[in-house]
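Shown next: work.cif, containing mmCIF, C-alpha atoms.
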data_final
loop_
_atom_site.group_PDB
_atom_site.id
_atom_site.type_symbol
_atom_site.label_atom_id
_atom_site.label_comp_id
_atom_site.auth_asym_id
_atom_site.auth_seq_id
_atom_site.Cartn_x
_atom_site.Cartn_y
_atom_site.Cartn_z
ATOM 1 C CA MET A 253 101.276 96.892 119.812
ATOM 2 C CA GLN A 254 97.614 96.161 120.488
ATOM 3 C CA ILE A 255 95.260 98.807 121.904
ATOM 4 C CA GLN A 256 91.921 98.056 123.541
ATOM 5 C CA PRO A 257 88.910 100.370 123.021
ATOM 6 C CA CYS A 258 88.178 103.120 125.536
ATOM 7 C CA ALA A 259 84.428 103.127 124.780
ATOM 8 C CA THR A 260 81.808 101.052 122.982
ATOM 9 C CA LEU A 261 78.752 102.818 121.541
ATOM 10 C CA LYS A 262 75.605 100.715 121.280
ATOM 11 C CA GLY A 263 72.386 101.638 119.502
ATOM 12 C CA HIS A 264 72.447 100.389 115.942
ATOM 13 C CA THR A 265 70.468 97.200 115.337
ATOM 14 C CA ASN A 266 72.259 96.099 112.173
ATOM 15 C CA TRP A 267 75.603 96.499 110.444
ATOM 16 C CA ILE A 268 77.317 99.882 110.710
ATOM 17 C CA TYR A 269 78.488 100.931 107.289
ATOM 18 C CA ASP A 270 80.057 104.365 107.713
ATOM 19 C CA ALA A 271 81.284 106.822 110.363
ATOM 20 C CA ALA A 272 82.419 110.447 110.212
ATOM 21 C CA PHE A 273 83.623 112.937 112.829
ATOM 22 C CA SER A 274 82.341 116.496 112.645
ATOM 23 C CA PRO A 275 85.042 119.068 111.780
ATOM 24 C CA ASP A 276 85.318 120.119 115.451
ATOM 25 C CA GLY A 277 85.628 116.483 116.556
ATOM 26 C CA GLN A 278 82.805 116.743 119.088
ATOM 27 C CA THR A 279 80.229 114.675 117.206
ATOM 28 C CA LEU A 280 80.453 111.295 115.500
ATOM 29 C CA ALA A 281 77.860 110.389 112.874
ATOM 30 C CA THR A 282 77.271 106.740 111.953
ATOM 31 C CA GLY A 283 75.051 105.198 109.299
ATOM 32 C CA GLY A 284 73.838 101.633 109.229
ATOM 33 C CA TRP A 285 71.747 98.909 107.731
ATOM 34 C CA ASP A 286 69.042 99.662 110.302
ATOM 35 C CA GLN A 287 68.159 102.650 108.039
ATOM 36 C CA THR A 288 69.221 105.188 110.680
ATOM 37 C CA ILE A 289 71.904 107.805 111.184
ATOM 38 C CA ARG A 290 73.022 108.138 114.784
ATOM 39 C CA LEU A 291 74.811 111.133 116.268
ATOM 40 C CA TRP A 292 77.110 110.527 119.240
ATOM 41 C CA ASN A 293 78.733 112.889 121.720
ATOM 42 C CA VAL A 294 82.394 111.890 121.551
ATOM 43 C CA ALA A 295 83.369 113.193 125.004
ATOM 44 C CA SER A 296 80.584 111.384 126.855
ATOM 45 C CA ALA A 297 80.333 108.427 124.438
ATOM 46 C CA LYS A 298 76.540 108.865 124.517
ATOM 47 C CA GLN A 299 74.010 108.893 121.699
ATOM 48 C CA ARG A 300 72.412 112.320 121.309
ATOM 49 C CA ALA A 301 70.137 111.945 118.264
ATOM 50 C CA VAL A 302 68.758 109.520 115.693
ATOM 51 C CA LEU A 303 68.028 110.800 112.172
ATOM 52 C CA ARG A 304 65.337 108.846 110.329
ATOM 53 C CA GLY A 305 64.219 109.186 106.727
ATOM 54 C CA HIS A 306 66.081 106.646 104.633
ATOM 55 C CA GLN A 307 63.963 103.703 103.549
ATOM 56 C CA THR A 308 66.891 101.297 103.166
ATOM 57 C CA GLU A 309 70.474 100.845 104.367
ATOM 58 C CA VAL A 310 72.550 103.984 104.936
ATOM 59 C CA PHE A 311 75.799 103.475 103.075
ATOM 60 C CA ALA A 312 77.690 106.714 103.811
ATOM 61 C CA VAL A 313 77.689 109.913 105.870
ATOM 62 C CA ALA A 314 79.772 113.072 105.374
ATOM 63 C CA PHE A 315 79.911 116.425 107.165
ATOM 64 C CA SER A 316 80.215 119.687 105.255
ATOM 65 C CA PRO A 317 83.502 121.545 105.932
ATOM 66 C CA ASP A 318 81.761 123.956 108.317
ATOM 67 C CA GLY A 319 79.913 121.149 110.121
ATOM 68 C CA ALA A 320 76.515 122.728 109.478
ATOM 69 C CA MET A 321 75.274 119.989 107.175
ATOM 70 C CA LEU A 322 75.431 116.214 107.010
ATOM 71 C CA ALA A 323 74.985 114.291 103.761
ATOM 72 C CA SER A 324 73.920 110.655 103.669
ATOM 73 C CA CYS A 325 73.048 108.112 100.989
ATOM 74 C CA SER A 326 71.272 104.805 100.777
ATOM 75 C CA ALA A 327 70.593 101.558 98.958
ATOM 76 C CA ASN A 328 68.591 100.683 95.889
ATOM 77 C CA ASN A 329 65.008 100.883 97.183
ATOM 78 C CA ASP A 330 65.768 104.501 98.114
ATOM 79 C CA SER A 331 68.729 105.517 95.914
ATOM 80 C CA VAL A 332 68.841 109.103 97.172
ATOM 81 C CA VAL A 333 71.159 111.551 98.890
ATOM 82 C CA ARG A 334 69.688 113.278 101.935
ATOM 83 C CA LEU A 335 70.940 116.517 103.461
ATOM 84 C CA TRP A 336 70.479 117.176 107.176
ATOM 85 C CA ASP A 337 70.629 120.472 109.065
ATOM 86 C CA MET A 338 72.824 119.820 112.098
ATOM 87 C CA ASP A 339 71.529 122.784 114.109
ATOM 88 C CA GLN A 340 67.923 121.657 113.841
ATOM 89 C CA GLY A 341 68.570 117.933 113.469
ATOM 90 C CA LYS A 342 66.138 117.836 110.554
ATOM 91 C CA GLU A 343 66.209 116.768 106.939
ATOM 92 C CA GLN A 344 66.732 119.726 104.624
ATOM 93 C CA ALA A 345 66.663 118.196 101.127
ATOM 94 C CA VAL A 346 66.479 114.963 99.141
ATOM 95 C CA LEU A 347 68.639 114.709 96.009
ATOM 96 C CA LYS A 348 67.220 112.334 93.406
ATOM 97 C CA GLY A 349 68.864 111.167 90.198
ATOM 98 C CA HIS A 350 70.715 107.930 90.794
ATOM 99 C CA THR A 351 68.984 104.820 89.470
ATOM 100 C CA ASN A 352 70.554 102.338 91.870
ATOM 101 C CA ALA A 353 72.157 102.278 95.312
ATOM 102 C CA VAL A 354 74.155 105.407 96.222
ATOM 103 C CA HIS A 355 77.301 104.182 97.937
ATOM 104 C CA ASP A 356 79.309 107.278 98.867
ATOM 105 C CA VAL A 357 79.062 111.064 99.237
ATOM 106 C CA ALA A 358 81.689 113.788 99.657
ATOM 107 C CA PHE A 359 81.663 117.576 99.991
ATOM 108 C CA SER A 360 84.078 119.736 98.014
ATOM 109 C CA PRO A 361 86.767 121.520 100.084
ATOM 110 C CA ASP A 362 84.837 124.815 99.934
ATOM 111 C CA GLY A 363 81.517 123.112 100.682
ATOM 112 C CA ALA A 364 79.859 124.459 97.530
ATOM 113 C CA MET A 365 79.477 121.103 95.815
ATOM 114 C CA LEU A 366 78.562 117.578 96.773
ATOM 115 C CA ALA A 367 79.591 114.440 94.876
ATOM 116 C CA SER A 368 77.812 111.093 95.010
ATOM 117 C CA CYS A 369 78.467 107.735 93.379
ATOM 118 C CA GLY A 370 76.777 104.393 93.195
ATOM 119 C CA TYR A 371 75.792 101.109 91.668
ATOM 120 C CA ASP A 372 74.428 102.798 88.533
ATOM 121 C CA LYS A 373 78.132 103.181 87.606
ATOM 122 C CA THR A 374 77.955 106.980 87.700
ATOM 123 C CA VAL A 375 79.271 109.894 89.729
ATOM 124 C CA LYS A 376 76.981 112.894 90.151
ATOM 125 C CA LEU A 377 77.924 116.435 91.087
ATOM 126 C CA TRP A 378 75.388 118.589 92.948
ATOM 127 C CA ASN A 379 75.127 122.265 93.822
ATOM 128 C CA HIS A 380 74.987 122.364 97.607
ATOM 129 C CA GLU A 381 73.000 125.602 97.744
ATOM 130 C CA ASN A 382 70.111 124.899 95.354
ATOM 131 C CA HIS A 383 70.373 121.080 95.460
ATOM 132 C CA GLN A 384 70.439 120.812 91.644
ATOM 133 C CA ALA A 385 72.488 118.272 89.691
ATOM 134 C CA LEU A 386 75.401 119.899 87.876
ATOM 135 C CA LEU A 387 77.118 117.033 86.048
ATOM 136 C CA THR A 388 76.980 113.253 85.700
ATOM 137 C CA PHE A 389 80.255 111.425 85.091
ATOM 138 C CA THR A 390 80.158 108.063 83.317
ATOM 139 C CA GLY A 391 82.752 105.539 82.204
ATOM 140 C CA HIS A 392 83.050 103.009 84.997
ATOM 141 C CA THR A 393 81.898 99.541 83.972
ATOM 142 C CA ARG A 394 81.001 98.303 87.452
ATOM 143 C CA ASP A 395 79.665 99.639 90.771
ATOM 144 C CA VAL A 396 81.345 102.867 91.914
ATOM 145 C CA TYR A 397 82.159 102.510 95.607
ATOM 146 C CA THR A 398 83.836 105.717 96.686
ATOM 147 C CA VAL A 399 84.334 109.343 95.642
ATOM 148 C CA ALA A 400 86.624 112.189 96.790
ATOM 149 C CA PHE A 401 87.460 115.739 95.731
ATOM 150 C CA ALA A 402 90.929 116.925 94.765
ATOM 151 C CA PRO A 403 92.623 119.767 96.719
ATOM 152 C CA ASP A 404 91.265 122.666 94.690
ATOM 153 C CA GLY A 405 87.831 121.138 94.123
ATOM 154 C CA LYS A 406 88.388 121.285 90.356
ATOM 155 C CA SER A 407 88.489 117.528 89.955
ATOM 156 C CA VAL A 408 86.855 114.536 91.557
ATOM 157 C CA LEU A 409 88.151 110.977 91.886
ATOM 158 C CA ALA A 410 86.055 107.826 92.011
ATOM 159 C CA ALA A 411 87.019 104.198 92.542
ATOM 160 C CA SER A 412 85.109 101.192 91.290
ATOM 161 C CA THR A 413 85.138 97.420 91.551
ATOM 162 C CA ASP A 414 86.435 97.503 87.965
ATOM 163 C CA THR A 415 89.787 98.317 89.751
ATOM 164 C CA ILE A 416 90.011 101.720 88.054
ATOM 165 C CA VAL A 417 90.239 105.134 89.740
ATOM 166 C CA LYS A 418 88.967 107.845 87.400
ATOM 167 C CA ARG A 419 89.499 111.590 87.679
ATOM 168 C CA TRP A 420 87.078 114.098 86.127
ATOM 169 C CA ASN A 421 87.188 117.890 85.776
ATOM 170 C CA THR A 422 84.348 119.326 87.878
ATOM 171 C CA GLU A 423 83.999 122.398 85.649
ATOM 172 C CA THR A 424 83.974 120.803 82.186
ATOM 173 C CA GLY A 425 83.046 117.186 82.960
ATOM 174 C CA GLU A 426 86.101 116.018 81.016
ATOM 175 C CA LEU A 427 87.726 112.716 81.977
ATOM 176 C CA GLN A 428 91.277 113.651 82.983
ATOM 177 C CA GLU A 429 92.856 110.394 84.036
ATOM 178 C CA ASP A 430 92.385 106.645 84.329
ATOM 179 C CA MET A 431 94.479 104.994 87.049
ATOM 180 C CA LYS A 432 94.261 101.236 86.689
ATOM 181 C CA GLY A 433 96.129 99.334 89.372
ATOM 182 C CA PRO A 434 97.271 95.724 89.673
ATOM 183 C CA MET A 435 94.769 94.981 92.414
ATOM 184 C CA GLN A 436 91.637 92.939 91.894
ATOM 185 C CA TRP A 437 89.438 95.146 94.056
ATOM 186 C CA VAL A 438 89.430 98.674 95.506
ATOM 187 C CA HIS A 439 86.832 99.839 97.993
ATOM 188 C CA SER A 440 87.892 103.110 99.587
ATOM 189 C CA ILE A 441 89.952 106.144 98.595
ATOM 190 C CA LYS A 442 90.661 109.177 100.776
ATOM 191 C CA PHE A 443 92.685 112.374 100.351
ATOM 192 C CA SER A 444 95.070 113.576 103.021
ATOM 193 C CA PRO A 445 93.962 116.867 104.692
ATOM 194 C CA ASP A 446 96.286 118.932 102.489
ATOM 195 C CA ARG A 447 95.100 116.853 99.501
ATOM 196 C CA SER A 448 98.694 116.025 98.504
ATOM 197 C CA LEU A 449 98.252 112.273 99.043
ATOM 198 C CA VAL A 450 95.585 109.730 98.220
ATOM 199 C CA ALA A 451 95.199 106.451 100.092
ATOM 200 C CA GLY A 452 93.311 103.424 98.843
ATOM 201 C CA GLY A 453 92.117 100.283 100.581
ATOM 202 C CA TYR A 454 92.495 97.213 98.400
ATOM 203 C CA GLY A 455 91.877 93.502 98.393
ATOM 204 C CA TYR A 456 93.774 91.002 96.295
ATOM 205 C CA ARG A 457 94.278 87.292 95.965
ATOM 206 C CA ASP A 458 97.633 85.980 97.148
ATOM 207 C CA ARG A 459 98.068 82.949 94.913
ATOM 208 C CA GLU A 460 100.983 81.553 96.916
ATOM 209 C CA LYS A 461 99.097 81.692 100.214
ATOM 210 C CA GLY A 462 95.779 80.821 98.611
ATOM 211 C CA ARG A 463 93.778 83.551 100.343
ATOM 212 C CA SER A 464 92.730 87.179 100.073
ATOM 213 C CA LEU A 465 94.888 89.854 101.695
ATOM 214 C CA GLY A 466 94.473 93.535 102.357
ATOM 215 C CA LEU A 467 96.774 96.220 101.047
ATOM 216 C CA ILE A 468 96.921 99.966 101.687
ATOM 217 C CA LYS A 469 98.388 101.962 98.834
ATOM 218 C CA VAL A 470 99.303 105.658 99.117
ATOM 219 C CA TRP A 471 100.222 107.827 96.161
ATOM 220 C CA GLU A 472 100.854 111.487 95.330
ATOM 221 C CA SER A 473 97.664 113.114 94.086
ATOM 222 C CA ALA A 474 99.459 115.347 91.576
ATOM 223 C CA SER A 475 101.799 112.836 89.942
ATOM 224 C CA GLY A 476 100.137 109.524 90.757
ATOM 225 C CA GLU A 477 103.479 108.234 92.025
ATOM 226 C CA GLU A 478 103.179 105.589 94.724
ATOM 227 C CA THR A 479 104.728 106.608 98.061
ATOM 228 C CA HIS A 480 103.718 103.832 100.457
ATOM 229 C CA ARG A 481 102.443 100.268 100.370
ATOM 230 C CA PHE A 482 101.282 98.679 103.632
ATOM 231 C CA VAL A 483 100.437 94.993 104.040
ATOM 232 C CA GLY A 484 99.132 93.766 107.382
ATOM 233 C CA HIS A 485 95.424 92.976 107.232
ATOM 234 C CA ARG A 486 94.716 89.270 106.880
ATOM 235 C CA ASN A 487 91.797 90.002 104.559
ATOM 236 C CA TRP A 488 90.495 92.902 102.444
ATOM 237 C CA ALA A 489 91.231 96.436 103.637
ATOM 238 C CA TYR A 490 87.754 97.927 103.560
ATOM 239 C CA SER A 491 88.222 101.536 104.707
ATOM 240 C CA VAL A 492 90.951 104.156 105.194
ATOM 241 C CA ALA A 493 91.212 107.521 106.978
ATOM 242 C CA PHE A 494 93.989 110.113 107.369
ATOM 243 C CA SER A 495 94.745 111.965 110.589
ATOM 244 C CA ALA A 496 94.276 115.750 110.498
ATOM 245 C CA ASP A 497 98.022 116.387 110.226
ATOM 246 C CA GLY A 498 98.414 113.785 107.473
ATOM 247 C CA LYS A 499 101.087 111.895 109.403
ATOM 248 C CA GLN A 500 99.023 108.837 110.254
ATOM 249 C CA LEU A 501 96.630 106.603 108.374
ATOM 250 C CA ALA A 502 94.033 104.248 109.834
ATOM 251 C CA SER A 503 92.583 101.261 108.009
ATOM 252 C CA GLY A 504 89.744 98.865 108.804
ATOM 253 C CA GLY A 505 89.617 95.353 107.472
ATOM 254 C CA TRP A 506 87.638 92.204 106.975
ATOM 255 C CA ASP A 507 89.922 90.595 109.554
ATOM 256 C CA GLY A 508 88.078 92.543 112.285
ATOM 257 C CA THR A 509 90.983 94.849 113.123
ATOM 258 C CA VAL A 510 91.855 98.515 112.732
ATOM 259 C CA LYS A 511 95.467 99.298 111.962
ATOM 260 C CA LEU A 512 97.270 102.585 112.459
ATOM 261 C CA TRP A 513 100.158 103.387 110.115
ATOM 262 C CA ASP A 514 102.985 105.935 110.458
ATOM 263 C CA LEU A 515 103.514 107.550 107.053
ATOM 264 C CA GLY A 516 106.777 109.196 108.035
ATOM 265 C CA ALA A 517 108.415 105.994 109.211
ATOM 266 C CA GLY A 518 106.502 103.817 106.744
ATOM 267 C CA ARG A 519 105.476 101.265 109.351
ATOM 268 C CA GLU A 520 102.590 99.966 111.427
ATOM 269 C CA LEU A 521 102.125 101.840 114.712
ATOM 270 C CA ALA A 522 99.426 99.743 116.360
ATOM 271 C CA THR A 523 96.569 97.313 115.888
ATOM 272 C CA LEU A 524 93.294 98.453 117.451
ATOM 273 C CA VAL A 525 91.328 95.425 118.614
ATOM 274 C CA GLY A 526 87.889 94.854 120.085
ATOM 275 C CA HIS A 527 85.594 94.233 117.137
ATOM 276 C CA HIS A 528 84.261 90.708 116.703
ATOM 277 C CA ASP A 529 83.588 90.823 112.968
ATOM 278 C CA ILE A 530 84.323 92.738 109.751
ATOM 279 C CA VAL A 531 85.238 96.426 110.233
ATOM 280 C CA MET A 532 83.412 98.418 107.570
ATOM 281 C CA THR A 533 84.403 101.982 108.496
ATOM 282 C CA VAL A 534 87.135 103.894 110.300
ATOM 283 C CA ALA A 535 87.577 107.598 111.159
ATOM 284 C CA ILE A 536 90.080 109.755 113.072
ATOM 285 C CA SER A 537 88.988 112.820 115.063
ATOM 286 C CA SER A 538 90.296 116.266 114.126
ATOM 287 C CA ASP A 539 92.396 116.499 117.301
ATOM 288 C CA ARG A 540 94.060 113.175 116.383
ATOM 289 C CA ARG A 541 93.252 111.697 119.774
ATOM 290 C CA THR A 542 90.438 109.299 118.885
ATOM 291 C CA VAL A 543 89.831 106.596 116.319
ATOM 292 C CA ALA A 544 86.282 105.352 115.706
ATOM 293 C CA ALA A 545 85.273 102.206 113.837
ATOM 294 C CA GLY A 546 82.136 100.177 113.202
ATOM 295 C CA GLY A 547 81.031 97.150 111.281
ATOM 296 C CA TYR A 548 79.216 93.862 111.291
ATOM 297 C CA ASP A 549 79.045 93.512 115.079
ATOM 298 C CA GLN A 550 76.648 96.527 115.166
ATOM 299 C CA GLU A 551 78.792 98.457 117.654
ATOM 300 C CA VAL A 552 80.972 101.554 117.360
ATOM 301 C CA ARG A 553 84.270 101.450 119.208
ATOM 302 C CA LEU A 554 86.510 104.347 120.187
ATOM 303 C CA TRP A 555 90.243 104.122 120.861
ATOM 304 C CA ASP A 556 92.450 106.713 122.533
ATOM 305 C CA ILE A 557 95.590 107.103 120.390
ATOM 306 C CA SER A 558 96.895 110.289 122.027
ATOM 307 C CA ASN A 559 100.013 108.523 123.323
ATOM 308 C CA LEU A 560 100.982 107.552 119.762
ATOM 309 C CA GLN A 561 101.341 111.147 118.511
#
Will you turn the file into structure tokens for me?
Amino acid sequence: MQIQPCATLKGHTNWIYDAAFSPDGQTLATGGWDQTIRLWNVASAKQRAVLRGHQTEVFAVAFSPDGAMLASCSANNDSVVRLWDMDQGKEQAVLKGHTNAVHDVAFSPDGAMLASCGYDKTVKLWNHENHQALLTFTGHTRDVYTVAFAPDGKSVLAASTDTIVKRWNTETGELQEDMKGPMQWVHSIKFSPDRSLVAGGYGYRDREKGRSLGLIKVWESASGEETHRFVGHRNWAYSVAFSADGKQLASGGWDGTVKLWDLGAGRELATLVGHHDIVMTVAISSDRRTVAAGGYDQEVRLWDISNLQ
């Protein structure tokens, strides 16, 4: 099944690298290579604010659990994490410490901590209240692309282009686990809302077909046991996102499509079309009615998936 977009949001003037819905689903934040963060009203599909401050590309955006704050991070001429007050629409703090591009940010489940990772091969843990660095995790041998907190906030996972997902204890800084997979590349990892599952977007070389393919792998966060493996993208799977009830998973790929997967049935539900180039980011609203995606074509598209629930 193919689904056409219900709205196209225009405003960015370069690639869109990340998108995140606010916890109440009313606002969509997007960050791009035009050095801006744009806030969109989901119901009206209209832009309501532009946040400026980053000096280079915005790689990631993330809302705090209460929706009061937005964190963002940027490339290597800036290499900082910025915190934005959503009520005032103003920058609240700049977190400095990374020595190269900061590629991803994530709040802990209770909102007390913020994790960031980047091309300096490190993961940093910050105190959200006083904006001080708590810990720096090292061990990856290549760029760290994505970071996520475990269910209780007592550990953090990070994935790198060295194909390894590492887990550290957020209280002691101890490395708890190395999860090396058979894939050649992993870009994105996300926890399910109840934190029982982890999904990863991978790319690998199919030697028989002579081209790169995308794969979505899902595993149990506690045991590391694989539960699902989805193949469907005709190139790397660049981003993943769970629905709020954890029953569906969306993925965006280098083939220009967004795919929606049914975890219960273990199958593809639909392909969301409309983008004309690589899809860099995908997100699902908290009410599970809307999927948003953006990428190289500089536009954000929204799809109504309410009839698939």
Selection: 8 Å around segment 322-330 of chain A, all atoms listed in the file, excl. self and same-chain fewer than 2 positions, as a short mmCIF file (atom, residue, chain, number, x, y, z; two decimals) with C-alpha atoms, in the coordinates of the input:
data_model
loop_
_atom_site.label_atom_id
_atom_site.label_comp_id
_atom_site.auth_asym_id
_atom_site.auth_seq_id
_atom_site.Cartn_x
_atom_site.Cartn_y
_atom_site.Cartn_z
CA GLY A 283 75.05 105.20 109.30
CA HIS A 306 66.08 106.65 104.63
CA GLN A 307 63.96 103.70 103.55
CA THR A 308 66.89 101.30 103.17
CA GLU A 309 70.47 100.84 104.37
CA VAL A 310 72.55 103.98 104.94
CA PHE A 311 75.80 103.48 103.08
CA ALA A 312 77.69 106.71 103.81
CA VAL A 313 77.69 109.91 105.87
CA ALA A 314 79.77 113.07 105.37
CA PHE A 315 79.91 116.42 107.16
CA SER A 316 80.22 119.69 105.26
CA GLY A 319 79.91 121.15 110.12
CA ALA A 320 76.52 122.73 109.48
CA VAL A 332 68.84 109.10 97.17
CA VAL A 333 71.16 111.55 98.89
CA ARG A 334 69.69 113.28 101.94
CA LEU A 335 70.94 116.52 103.46
CA TRP A 336 70.48 117.18 107.18
CA ASP A 337 70.63 120.47 109.06
CA MET A 338 72.82 119.82 112.10
CA THR A 351 68.98 104.82 89.47
CA ASN A 352 70.55 102.34 91.87
CA ALA A 353 72.16 102.28 95.31
CA VAL A 354 74.16 105.41 96.22
CA HIS A 355 77.30 104.18 97.94
CA ASP A 356 79.31 107.28 98.87
CA VAL A 357 79.06 111.06 99.24
CA ALA A 358 81.69 113.79 99.66
#
If the box runs along x, y and z of the file and leaves 3 Å on each side of segment 381-387 of chain A, what are its centre and edge lengths in Å, one decimal, as lines of an AutoDock Vina configuration file?
center_x = 73.6
center_y = 121.3
center_z = 91.9
size_x = 13.0
size_y = 14.6
size_z = 17.7
Tell me, in Å to one decimal, how far atom CA of His383 of chain A is from atom CA of His439 of chain A.
27.0 Å
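Nearest to Tyr548 of chain A of all the residues A:Ala451, A:Ile530, A:Leu387, A:Leu467 is A:Ile530, counting only C-alpha atoms.
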Go through A:Arg463, A:Val302, A:Ser495, A:Val417 and flag the residue nearest Arg541 of chain A, using all atoms listed in the file for the distances.
A:Ser495
Which value, in Å to one decimal, gives the distance between atom CA of Pro445 of chain A and atom CA of Thr398 of chain A?
17.1 Å
